[in-house]
file entry_33.cif (mmCIF, N, CA and C atoms)
data_run
#
loop_
_atom_site.label_atom_id
_atom_site.label_comp_id
_atom_site.auth_asym_id
_atom_site.auth_seq_id
_atom_site.Cartn_x
_atom_site.Cartn_y
_atom_site.Cartn_z
N MET J 1 -0.05 55.94 -4.41
CA MET J 1 0.61 55.36 -5.56
C MET J 1 -0.43 54.84 -6.54
N VAL J 2 -0.20 55.03 -7.77
CA VAL J 2 -1.08 54.54 -8.83
C VAL J 2 -0.75 53.08 -9.07
N ASN J 3 -1.79 52.28 -9.26
CA ASN J 3 -1.57 50.88 -9.58
C ASN J 3 -1.02 50.78 -10.99
N ILE J 4 -0.07 49.88 -11.20
CA ILE J 4 0.69 49.83 -12.44
C ILE J 4 0.66 48.44 -13.05
N LEU J 5 0.51 48.41 -14.36
CA LEU J 5 0.71 47.20 -15.13
C LEU J 5 2.04 47.36 -15.84
N LYS J 6 2.93 46.41 -15.67
CA LYS J 6 4.27 46.54 -16.22
C LYS J 6 4.69 45.20 -16.81
N ILE J 7 5.44 45.25 -17.90
CA ILE J 7 6.02 44.03 -18.43
C ILE J 7 7.45 43.94 -17.92
N VAL J 8 7.79 42.79 -17.38
CA VAL J 8 9.09 42.62 -16.72
C VAL J 8 9.88 41.55 -17.46
N PRO J 9 11.07 41.90 -17.96
CA PRO J 9 11.90 40.87 -18.60
C PRO J 9 12.41 39.88 -17.55
N MET J 10 12.40 38.62 -17.90
CA MET J 10 12.84 37.58 -16.97
C MET J 10 14.07 36.89 -17.56
N GLU J 11 15.02 36.55 -16.70
CA GLU J 11 16.18 35.79 -17.15
C GLU J 11 15.75 34.38 -17.50
N MET J 12 16.16 33.91 -18.65
CA MET J 12 15.92 32.53 -19.07
C MET J 12 14.44 32.18 -19.17
N ALA J 13 13.56 33.17 -19.33
CA ALA J 13 12.13 32.90 -19.47
C ALA J 13 11.48 34.04 -20.25
N ALA J 14 10.22 33.82 -20.61
CA ALA J 14 9.48 34.85 -21.33
C ALA J 14 9.18 36.02 -20.40
N PRO J 15 9.08 37.24 -20.94
CA PRO J 15 8.70 38.39 -20.11
C PRO J 15 7.33 38.15 -19.46
N MET J 16 7.12 38.72 -18.28
CA MET J 16 5.89 38.52 -17.52
C MET J 16 5.18 39.85 -17.30
N TRP J 17 3.84 39.79 -17.25
CA TRP J 17 3.05 40.94 -16.85
C TRP J 17 3.03 40.98 -15.33
N ARG J 18 3.34 42.15 -14.77
CA ARG J 18 3.34 42.30 -13.33
C ARG J 18 2.40 43.44 -12.94
N TYR J 19 1.62 43.21 -11.90
CA TYR J 19 0.70 44.21 -11.37
C TYR J 19 1.27 44.70 -10.04
N ARG J 20 1.50 46.02 -9.94
CA ARG J 20 1.99 46.61 -8.69
C ARG J 20 0.88 47.45 -8.08
N TYR J 21 0.76 47.36 -6.76
CA TYR J 21 -0.28 48.13 -6.07
C TYR J 21 0.16 48.36 -4.63
N ARG J 22 -0.56 49.24 -3.95
CA ARG J 22 -0.33 49.49 -2.52
C ARG J 22 -1.59 49.10 -1.77
N LEU J 23 -1.39 48.46 -0.63
CA LEU J 23 -2.50 48.10 0.24
C LEU J 23 -2.05 48.34 1.67
N ALA J 24 -2.79 49.14 2.38
CA ALA J 24 -2.47 49.50 3.77
C ALA J 24 -1.05 50.06 3.88
N GLY J 25 -0.67 50.85 2.89
CA GLY J 25 0.64 51.49 2.91
C GLY J 25 1.79 50.61 2.48
N LYS J 26 1.52 49.35 2.22
CA LYS J 26 2.59 48.44 1.79
C LYS J 26 2.53 48.24 0.29
N ARG J 27 3.70 48.25 -0.30
CA ARG J 27 3.80 48.03 -1.73
C ARG J 27 3.75 46.53 -2.01
N ARG J 28 2.92 46.13 -2.93
CA ARG J 28 2.75 44.72 -3.27
C ARG J 28 2.89 44.54 -4.78
N LYS J 29 3.22 43.34 -5.19
CA LYS J 29 3.29 43.06 -6.62
C LYS J 29 2.83 41.62 -6.87
N MET J 30 2.39 41.42 -8.10
CA MET J 30 1.84 40.12 -8.44
C MET J 30 2.03 39.88 -9.93
N PHE J 31 2.55 38.71 -10.28
CA PHE J 31 2.66 38.34 -11.68
C PHE J 31 1.31 37.78 -12.12
N ILE J 32 0.87 38.20 -13.31
CA ILE J 32 -0.44 37.73 -13.78
C ILE J 32 -0.35 36.85 -15.02
N GLY J 33 0.82 36.70 -15.58
CA GLY J 33 0.96 35.82 -16.73
C GLY J 33 2.12 36.23 -17.61
N SER J 34 2.44 35.39 -18.56
CA SER J 34 3.56 35.69 -19.45
C SER J 34 3.09 36.50 -20.65
N TYR J 35 4.00 37.27 -21.18
CA TYR J 35 3.71 38.16 -22.30
C TYR J 35 3.21 37.37 -23.51
N GLY J 36 3.75 36.24 -23.76
CA GLY J 36 3.35 35.43 -24.91
C GLY J 36 1.97 34.80 -24.77
N GLN J 37 1.51 34.60 -23.54
CA GLN J 37 0.23 33.92 -23.32
C GLN J 37 -0.92 34.87 -23.08
N ILE J 38 -0.64 36.07 -22.59
CA ILE J 38 -1.69 37.03 -22.27
C ILE J 38 -1.44 38.31 -23.07
N SER J 39 -2.44 38.73 -23.83
CA SER J 39 -2.30 39.95 -24.62
C SER J 39 -2.39 41.18 -23.72
N LEU J 40 -2.02 42.32 -24.25
CA LEU J 40 -2.11 43.56 -23.50
C LEU J 40 -3.55 43.84 -23.09
N ALA J 41 -4.49 43.61 -24.00
CA ALA J 41 -5.90 43.86 -23.69
C ALA J 41 -6.38 42.95 -22.55
N ASP J 42 -5.98 41.67 -22.58
CA ASP J 42 -6.37 40.75 -21.51
C ASP J 42 -5.69 41.12 -20.19
N ALA J 43 -4.43 41.56 -20.27
CA ALA J 43 -3.72 41.97 -19.06
C ALA J 43 -4.41 43.19 -18.44
N ARG J 44 -4.81 44.14 -19.28
CA ARG J 44 -5.51 45.31 -18.76
C ARG J 44 -6.85 44.92 -18.13
N LYS J 45 -7.55 43.99 -18.75
CA LYS J 45 -8.84 43.52 -18.20
C LYS J 45 -8.62 42.86 -16.83
N LYS J 46 -7.59 42.04 -16.75
CA LYS J 46 -7.28 41.36 -15.49
C LYS J 46 -6.91 42.38 -14.41
N ILE J 47 -6.12 43.40 -14.79
CA ILE J 47 -5.72 44.44 -13.84
C ILE J 47 -6.94 45.19 -13.34
N LYS J 48 -7.89 45.44 -14.21
CA LYS J 48 -9.11 46.14 -13.81
C LYS J 48 -9.87 45.33 -12.76
N GLU J 49 -9.96 44.02 -12.97
CA GLU J 49 -10.62 43.14 -11.99
C GLU J 49 -9.86 43.13 -10.67
N LEU J 50 -8.54 42.99 -10.74
CA LEU J 50 -7.72 42.95 -9.53
C LEU J 50 -7.79 44.28 -8.79
N ASN J 51 -7.78 45.38 -9.54
CA ASN J 51 -7.83 46.70 -8.94
C ASN J 51 -9.13 46.88 -8.15
N ALA J 52 -10.24 46.37 -8.69
CA ALA J 52 -11.52 46.46 -7.98
C ALA J 52 -11.45 45.71 -6.65
N GLN J 53 -10.79 44.58 -6.62
CA GLN J 53 -10.65 43.81 -5.38
C GLN J 53 -9.75 44.54 -4.39
N VAL J 54 -8.67 45.15 -4.90
CA VAL J 54 -7.76 45.89 -4.02
C VAL J 54 -8.48 47.08 -3.39
N ILE J 55 -9.31 47.75 -4.18
CA ILE J 55 -10.07 48.89 -3.65
C ILE J 55 -10.99 48.44 -2.52
N MET J 56 -11.50 47.21 -2.61
CA MET J 56 -12.37 46.68 -1.55
C MET J 56 -11.56 46.16 -0.36
N GLY J 57 -10.23 46.25 -0.43
CA GLY J 57 -9.40 45.86 0.70
C GLY J 57 -8.80 44.47 0.62
N HIS J 58 -8.93 43.81 -0.50
CA HIS J 58 -8.37 42.46 -0.64
C HIS J 58 -6.91 42.55 -1.07
N ASP J 59 -6.08 41.72 -0.46
CA ASP J 59 -4.68 41.61 -0.86
C ASP J 59 -4.60 40.49 -1.89
N VAL J 60 -4.74 40.84 -3.15
CA VAL J 60 -4.86 39.84 -4.21
C VAL J 60 -3.61 38.98 -4.34
N SER J 61 -2.46 39.54 -4.08
CA SER J 61 -1.22 38.77 -4.17
C SER J 61 -1.16 37.71 -3.06
N ALA J 62 -1.49 38.10 -1.84
CA ALA J 62 -1.48 37.15 -0.72
C ALA J 62 -2.54 36.07 -0.92
N GLU J 63 -3.70 36.46 -1.45
CA GLU J 63 -4.76 35.47 -1.70
C GLU J 63 -4.32 34.46 -2.76
N LYS J 64 -3.61 34.93 -3.78
CA LYS J 64 -3.09 34.02 -4.81
C LYS J 64 -2.09 33.05 -4.19
N GLN J 65 -1.21 33.56 -3.33
CA GLN J 65 -0.23 32.70 -2.66
C GLN J 65 -0.92 31.68 -1.77
N ASP J 66 -1.98 32.10 -1.07
CA ASP J 66 -2.73 31.18 -0.22
C ASP J 66 -3.36 30.06 -1.05
N ARG J 67 -3.90 30.43 -2.22
CA ARG J 67 -4.49 29.41 -3.10
C ARG J 67 -3.43 28.43 -3.59
N LYS J 68 -2.25 28.95 -3.94
CA LYS J 68 -1.16 28.08 -4.38
C LYS J 68 -0.73 27.14 -3.26
N SER J 69 -0.58 27.68 -2.05
CA SER J 69 -0.16 26.86 -0.90
C SER J 69 -1.18 25.78 -0.60
N ALA J 70 -2.45 26.13 -0.68
CA ALA J 70 -3.52 25.15 -0.44
C ALA J 70 -3.50 24.06 -1.50
N ALA J 71 -3.26 24.43 -2.75
CA ALA J 71 -3.20 23.45 -3.83
C ALA J 71 -2.03 22.50 -3.63
N VAL J 72 -0.88 23.03 -3.26
CA VAL J 72 0.30 22.19 -3.01
C VAL J 72 0.05 21.25 -1.83
N ALA J 73 -0.55 21.78 -0.77
CA ALA J 73 -0.85 20.95 0.41
C ALA J 73 -1.83 19.84 0.04
N HIS J 74 -2.81 20.15 -0.80
CA HIS J 74 -3.78 19.14 -1.21
C HIS J 74 -3.09 18.04 -2.03
N ILE J 75 -2.22 18.43 -2.94
CA ILE J 75 -1.50 17.44 -3.76
C ILE J 75 -0.63 16.56 -2.88
N GLU J 76 0.06 17.16 -1.92
CA GLU J 76 0.89 16.37 -1.00
C GLU J 76 0.05 15.42 -0.17
N ALA J 77 -1.11 15.90 0.29
CA ALA J 77 -2.00 15.05 1.10
C ALA J 77 -2.50 13.86 0.28
N VAL J 78 -2.85 14.12 -0.97
CA VAL J 78 -3.32 13.03 -1.84
C VAL J 78 -2.20 12.04 -2.10
N ASN J 79 -0.99 12.54 -2.34
CA ASN J 79 0.14 11.64 -2.62
C ASN J 79 0.58 10.85 -1.39
N ASN J 80 0.29 11.34 -0.20
CA ASN J 80 0.71 10.68 1.02
C ASN J 80 -0.39 9.86 1.68
N ARG J 81 -1.50 9.67 0.99
CA ARG J 81 -2.60 8.90 1.57
C ARG J 81 -2.18 7.44 1.74
N ILE J 82 -2.68 6.83 2.78
CA ILE J 82 -2.32 5.46 3.12
C ILE J 82 -3.52 4.55 2.88
N THR J 83 -3.29 3.45 2.18
CA THR J 83 -4.36 2.48 1.97
C THR J 83 -4.43 1.53 3.16
N VAL J 84 -5.54 0.84 3.24
CA VAL J 84 -5.73 -0.13 4.32
C VAL J 84 -4.67 -1.23 4.23
N ALA J 85 -4.36 -1.67 3.01
CA ALA J 85 -3.34 -2.72 2.84
C ALA J 85 -1.98 -2.24 3.33
N MET J 86 -1.62 -1.00 3.03
CA MET J 86 -0.34 -0.46 3.49
C MET J 86 -0.30 -0.43 5.01
N LEU J 87 -1.38 0.04 5.62
CA LEU J 87 -1.43 0.13 7.08
C LEU J 87 -1.41 -1.25 7.72
N ALA J 88 -2.16 -2.18 7.14
CA ALA J 88 -2.22 -3.54 7.69
C ALA J 88 -0.85 -4.22 7.61
N ASN J 89 -0.18 -4.08 6.48
CA ASN J 89 1.16 -4.69 6.33
C ASN J 89 2.16 -4.07 7.28
N ARG J 90 2.08 -2.78 7.43
CA ARG J 90 2.99 -2.09 8.37
C ARG J 90 2.73 -2.55 9.80
N TYR J 91 1.46 -2.66 10.17
CA TYR J 91 1.09 -3.13 11.50
C TYR J 91 1.63 -4.54 11.73
N TYR J 92 1.44 -5.40 10.74
CA TYR J 92 1.90 -6.78 10.86
C TYR J 92 3.42 -6.82 11.04
N GLN J 93 4.15 -6.09 10.21
CA GLN J 93 5.61 -6.12 10.26
C GLN J 93 6.16 -5.53 11.56
N GLU J 94 5.54 -4.45 12.05
CA GLU J 94 6.09 -3.75 13.21
C GLU J 94 5.56 -4.25 14.55
N ARG J 95 4.33 -4.72 14.59
CA ARG J 95 3.71 -5.06 15.87
C ARG J 95 3.46 -6.55 16.07
N VAL J 96 3.00 -7.22 15.03
CA VAL J 96 2.60 -8.62 15.19
C VAL J 96 3.78 -9.57 15.01
N PHE J 97 4.45 -9.50 13.88
CA PHE J 97 5.50 -10.45 13.54
C PHE J 97 6.60 -10.54 14.60
N PRO J 98 7.11 -9.42 15.13
CA PRO J 98 8.18 -9.54 16.12
C PRO J 98 7.76 -10.16 17.45
N LYS J 99 6.47 -10.14 17.78
CA LYS J 99 6.03 -10.56 19.11
C LYS J 99 5.48 -11.98 19.18
N LEU J 100 5.01 -12.51 18.06
CA LEU J 100 4.38 -13.84 18.09
C LEU J 100 5.35 -14.91 17.61
N LYS J 101 5.24 -16.09 18.26
CA LYS J 101 6.05 -17.22 17.82
C LYS J 101 5.50 -17.79 16.52
N SER J 102 4.17 -17.76 16.35
CA SER J 102 3.52 -18.27 15.15
C SER J 102 2.56 -17.21 14.62
N PRO J 103 3.08 -16.25 13.86
CA PRO J 103 2.24 -15.13 13.41
C PRO J 103 1.38 -15.44 12.19
N ASP J 104 1.35 -16.72 11.74
CA ASP J 104 0.59 -17.07 10.54
C ASP J 104 -0.90 -16.83 10.68
N GLN J 105 -1.47 -17.09 11.87
CA GLN J 105 -2.90 -16.88 12.06
C GLN J 105 -3.23 -15.39 11.89
N ALA J 106 -2.42 -14.53 12.45
CA ALA J 106 -2.63 -13.09 12.30
C ALA J 106 -2.46 -12.68 10.84
N LEU J 107 -1.53 -13.33 10.14
CA LEU J 107 -1.31 -13.01 8.74
C LEU J 107 -2.56 -13.33 7.92
N GLY J 108 -3.26 -14.39 8.27
CA GLY J 108 -4.51 -14.73 7.58
C GLY J 108 -5.54 -13.62 7.74
N HIS J 109 -5.66 -13.08 8.94
CA HIS J 109 -6.59 -11.97 9.17
C HIS J 109 -6.16 -10.73 8.38
N ILE J 110 -4.88 -10.46 8.37
CA ILE J 110 -4.35 -9.31 7.63
C ILE J 110 -4.63 -9.48 6.14
N ASN J 111 -4.42 -10.68 5.62
CA ASN J 111 -4.66 -10.93 4.19
C ASN J 111 -6.13 -10.77 3.84
N ARG J 112 -7.04 -11.25 4.70
CA ARG J 112 -8.48 -11.08 4.43
C ARG J 112 -8.86 -9.60 4.48
N LEU J 113 -8.30 -8.88 5.44
CA LEU J 113 -8.55 -7.45 5.54
C LEU J 113 -8.05 -6.74 4.28
N SER J 114 -6.86 -7.09 3.84
CA SER J 114 -6.30 -6.46 2.64
C SER J 114 -7.10 -6.81 1.40
N ALA J 115 -7.59 -8.04 1.32
CA ALA J 115 -8.40 -8.44 0.16
C ALA J 115 -9.72 -7.68 0.13
N ALA J 116 -10.32 -7.48 1.29
CA ALA J 116 -11.63 -6.83 1.34
C ALA J 116 -11.54 -5.32 1.21
N LEU J 117 -10.59 -4.71 1.90
CA LEU J 117 -10.54 -3.25 1.99
C LEU J 117 -9.21 -2.65 1.57
N GLY J 118 -8.28 -3.48 1.11
CA GLY J 118 -6.90 -3.06 0.89
C GLY J 118 -6.69 -1.86 0.00
N LYS J 119 -7.51 -1.71 -1.05
CA LYS J 119 -7.30 -0.61 -1.99
C LYS J 119 -7.93 0.70 -1.51
N MET J 120 -8.74 0.62 -0.46
CA MET J 120 -9.38 1.84 0.05
C MET J 120 -8.39 2.64 0.87
N PHE J 121 -8.57 3.96 0.87
CA PHE J 121 -7.75 4.80 1.73
C PHE J 121 -8.32 4.74 3.14
N VAL J 122 -7.44 4.77 4.12
CA VAL J 122 -7.82 4.60 5.52
C VAL J 122 -8.93 5.57 5.93
N GLU J 123 -8.81 6.83 5.51
CA GLU J 123 -9.81 7.82 5.93
C GLU J 123 -11.17 7.62 5.28
N ASP J 124 -11.25 6.78 4.24
CA ASP J 124 -12.52 6.54 3.57
C ASP J 124 -13.28 5.35 4.15
N VAL J 125 -12.63 4.54 4.97
CA VAL J 125 -13.26 3.34 5.52
C VAL J 125 -14.24 3.74 6.63
N THR J 126 -15.44 3.18 6.56
CA THR J 126 -16.45 3.43 7.58
C THR J 126 -16.82 2.12 8.27
N GLY J 127 -17.61 2.24 9.30
CA GLY J 127 -18.10 1.06 10.00
C GLY J 127 -18.89 0.14 9.08
N LYS J 128 -19.56 0.73 8.12
CA LYS J 128 -20.33 -0.04 7.15
C LYS J 128 -19.42 -0.99 6.36
N HIS J 129 -18.24 -0.51 5.97
CA HIS J 129 -17.28 -1.35 5.24
C HIS J 129 -16.77 -2.50 6.12
N ILE J 130 -16.46 -2.19 7.37
CA ILE J 130 -15.97 -3.22 8.29
C ILE J 130 -17.05 -4.27 8.52
N ASN J 131 -18.27 -3.82 8.75
CA ASN J 131 -19.38 -4.75 8.97
C ASN J 131 -19.58 -5.66 7.76
N ALA J 132 -19.54 -5.10 6.55
CA ALA J 132 -19.71 -5.91 5.34
C ALA J 132 -18.59 -6.94 5.22
N MET J 133 -17.38 -6.56 5.58
CA MET J 133 -16.25 -7.48 5.53
C MET J 133 -16.47 -8.65 6.51
N TYR J 134 -16.90 -8.33 7.74
CA TYR J 134 -17.12 -9.38 8.73
C TYR J 134 -18.30 -10.26 8.36
N GLN J 135 -19.32 -9.70 7.75
CA GLN J 135 -20.45 -10.51 7.31
C GLN J 135 -20.00 -11.53 6.26
N LYS J 136 -19.15 -11.12 5.34
CA LYS J 136 -18.61 -12.05 4.34
C LYS J 136 -17.77 -13.13 5.00
N ASP J 137 -16.97 -12.74 6.01
CA ASP J 137 -16.17 -13.72 6.74
C ASP J 137 -17.07 -14.75 7.43
N LEU J 138 -18.16 -14.29 8.05
CA LEU J 138 -19.09 -15.21 8.72
C LEU J 138 -19.74 -16.16 7.72
N GLU J 139 -20.09 -15.65 6.53
CA GLU J 139 -20.68 -16.50 5.50
C GLU J 139 -19.71 -17.57 5.03
N ARG J 140 -18.42 -17.28 5.04
CA ARG J 140 -17.39 -18.25 4.64
C ARG J 140 -17.02 -19.21 5.77
N GLY J 141 -17.53 -18.96 6.96
CA GLY J 141 -17.24 -19.84 8.08
C GLY J 141 -16.13 -19.36 8.99
N TYR J 142 -15.56 -18.18 8.75
CA TYR J 142 -14.54 -17.64 9.64
C TYR J 142 -15.22 -17.07 10.86
N LEU J 143 -14.70 -17.41 12.02
CA LEU J 143 -15.25 -16.87 13.26
C LEU J 143 -14.39 -15.69 13.72
N PRO J 144 -15.02 -14.68 14.30
CA PRO J 144 -14.22 -13.56 14.80
C PRO J 144 -13.23 -14.03 15.87
N ALA J 145 -12.11 -13.37 15.93
CA ALA J 145 -11.10 -13.71 16.95
C ALA J 145 -11.66 -13.40 18.32
N PRO J 146 -11.40 -14.28 19.30
CA PRO J 146 -11.89 -14.00 20.66
C PRO J 146 -11.21 -12.76 21.23
N THR J 147 -11.98 -12.03 22.01
CA THR J 147 -11.43 -10.83 22.64
C THR J 147 -11.50 -10.99 24.16
N ASN J 148 -10.68 -10.25 24.85
CA ASN J 148 -10.66 -10.31 26.32
C ASN J 148 -11.70 -9.42 26.90
#

call {"tool": "encode", "arguments": {"input": "entry_33.cif", "output": "structure tokens"}}
result
Amino acid sequence: MVNILKIVPMEMAAPMWRYRYRLAGKRRKMFIGSYGQISLADARKKIKELNAQVIMGHDVSAEKQDRKSAAVAHIEAVNNRITVAMLANRYYQERVFPKLKSPDQALGHINRLSAALGKMFVEDVTGKHINAMYQKDLERGYLPAPTN
């Protein structure tokens, strides 16, 4: 099959340039842009580049979809990042507050943690940040909580 550049009318949208090709016996297609935004000369240039990749065995349509999926996953990951303050407050509400008769002392530690590191994302916090926070606490006269 010959690779084809075709303009495709779209319902409720501008016509789109579509590239059709075969790879490993399978028919594939890929939209490369809208008619109003990409000229015929630019569409032909893009098809020439894509055709060279297809000849080398690349599935350009699948690669484009993979890039889109990765971009969406990255945006979702960024939007779902948790700050130290969010994690500390959640920990306090779910684990500390229900179990202690006087949770105010723990709340003080949570507040100092939130003040020092609260705006940072959890995955960005390193031991260096924790150490700096405890050094400041020691300078202010706060003693670390006893451990068992």

call {"tool": "closest_residue", "arguments": {"input": "entry_33.cif", "among": "J:Ser61, J:Ile47, J:Glu76, J:Val84", "to": "J:Gly118", "atoms": "only C-alpha atoms"}}
result
J:Val84

call {"tool": "closest_atom_pairs", "arguments": {"input": "entry_33.cif", "of": "stretch 33-119 of chain J", "to": "stretch 11-19 of chain J", "cutoff": "8 Å", "atoms": "all atoms listed in the file", "output": "JSON lines"}}
result
{"residue": "J:Gly33", "atom": "C", "partner": "J:Trp17", "partner_atom": "N", "distance": 4.0}
{"residue": "J:Ser34", "atom": "CA", "partner": "J:Met16", "partner_atom": "CA", "distance": 4.1}
{"residue": "J:Tyr35", "atom": "N", "partner": "J:Pro15", "partner_atom": "C", "distance": 3.8}
{"residue": "J:Gly36", "atom": "N", "partner": "J:Pro15", "partner_atom": "C", "distance": 5.9}
{"residue": "J:Gln37", "atom": "N", "partner": "J:Pro15", "partner_atom": "C", "distance": 7.9}
{"residue": "J:Ile38", "atom": "N", "partner": "J:Trp17", "partner_atom": "N", "distance": 7.9}
{"residue": "J:Ala43", "atom": "CA", "partner": "J:Trp17", "partner_atom": "CA", "distance": 7.2}
{"residue": "J:Ile47", "atom": "CA", "partner": "J:Tyr19", "partner_atom": "CA", "distance": 6.9}

call {"tool": "write_last_selection", "arguments": {"input": "entry_33.cif", "atoms": "N, CA and C atoms", "output": "short mmCIF file (atom, residue, chain, number, x, y, z; two decimals), in the frame of the given file"}}
result
data_model
loop_
_atom_site.label_atom_id
_atom_site.label_comp_id
_atom_site.auth_asym_id
_atom_site.auth_seq_id
_atom_site.Cartn_x
_atom_site.Cartn_y
_atom_site.Cartn_z
N GLY J 33 0.82 36.70 -15.58
CA GLY J 33 0.96 35.82 -16.73
C GLY J 33 2.12 36.23 -17.61
N SER J 34 2.44 35.39 -18.56
CA SER J 34 3.56 35.69 -19.45
C SER J 34 3.09 36.50 -20.65
N TYR J 35 4.00 37.27 -21.18
CA TYR J 35 3.71 38.16 -22.30
C TYR J 35 3.21 37.37 -23.51
N GLY J 36 3.75 36.24 -23.76
CA GLY J 36 3.35 35.43 -24.91
C GLY J 36 1.97 34.80 -24.77
N GLN J 37 1.51 34.60 -23.54
CA GLN J 37 0.23 33.92 -23.32
C GLN J 37 -0.92 34.87 -23.08
N ILE J 38 -0.64 36.07 -22.59
CA ILE J 38 -1.69 37.03 -22.27
C ILE J 38 -1.44 38.31 -23.07
N ALA J 43 -4.43 41.56 -20.27
CA ALA J 43 -3.72 41.97 -19.06
C ALA J 43 -4.41 43.19 -18.44
N ILE J 47 -6.12 43.40 -14.79
CA ILE J 47 -5.72 44.44 -13.84
C ILE J 47 -6.94 45.19 -13.34
#

call {"tool": "residues_around", "arguments": {"input": "entry_33.cif", "residues": "J:Arg28", "least_positions_apart": "5", "cutoff": "10 Å", "atoms": "only C-alpha atoms", "output": "list in words"}}
result
Asn3, Tyr19, Arg20, Tyr21, Arg22, Leu23, Asp59, Val60, Ser61 and Ala62 of chain J

call {"tool": "axis_aligned_box", "arguments": {"input": "entry_33.cif", "around": "stretch 87-103 of chain J", "padding_each_side": "4 Å", "output": "lines of an AutoDock Vina configuration file"}}
result
center_x = 3.0
center_y = -9.1
center_z = 12.4
size_x = 18.4
size_y = 26.4
size_z = 21.6

call {"tool": "atom_distance", "arguments": {"input": "entry_33.cif", "atom1": "atom C of J:Ile7", "atom2": "atom CA of J:Lys26"}}
result
20.8 Å

call {"tool": "closest_residue", "arguments": {"input": "entry_33.cif", "among": "J:Met120, J:Ala71, J:Val8, J:Ala132", "to": "J:Ala85", "atoms": "all atoms listed in the file"}}
result
J:Met120

call {"tool": "closest_residue", "arguments": {"input": "entry_33.cif", "among": "J:Glu139, J:Ile110, J:Tyr134, J:Ala77", "to": "J:Phe97", "atoms": "only C-alpha atoms"}}
result
J:Ile110

call {"tool": "atom_distance", "arguments": {"input": "entry_33.cif", "atom1": "atom CA of J:Thr83", "atom2": "atom CA of J:Lys119"}}
result
5.8 Å

call {"tool": "atom_distance", "arguments": {"input": "entry_33.cif", "atom1": "atom C of J:His129", "atom2": "atom C of J:Leu87"}}
result
15.5 Å

call {"tool": "select_by_dssp", "arguments": {"input": "entry_33.cif", "residues": "stretch 22-143 of chain J", "states": "alpha helix (DSSP H)", "output": "JSON, numbers by chain"}}
result
{"J": [40, 41, 42, 43, 44, 45, 46, 47, 48, 49, 50, 51, 52, 53, 54, 55, 60, 61, 62, 63, 64, 65, 66, 67, 68, 69, 70, 71, 72, 73, 74, 75, 76, 77, 78, 79, 84, 85, 86, 87, 88, 89, 90, 91, 104, 105, 106, 107, 108, 109, 110, 111, 112, 113, 114, 115, 116, 117, 127, 128, 129, 130, 131, 132, 133, 134, 135, 136, 137, 138, 139, 140]}

call {"tool": "residues_around", "arguments": {"input": "entry_33.cif", "residues": "J:Ala88", "least_positions_apart": "4", "cutoff": "12 Å", "atoms": "only C-alpha atoms", "output": "list in words"}}
result
Ile82, Thr83, Val84, Tyr92, Gln93, Glu94, Arg95, Val96, Phe97, Ala106, Leu107, Gly108, His109, Ile110, Asn111, Arg112, Leu113, Ser114, Ala115, Ala116, Leu117, Gly118, Lys119, Met120, Phe121 and Val122 of chain J

call {"tool": "closest_residue", "arguments": {"input": "entry_33.cif", "among": "J:Ile130, J:Leu138, J:Glu123, J:Lys46", "to": "J:Arg81", "atoms": "all atoms listed in the file"}}
result
J:Glu123
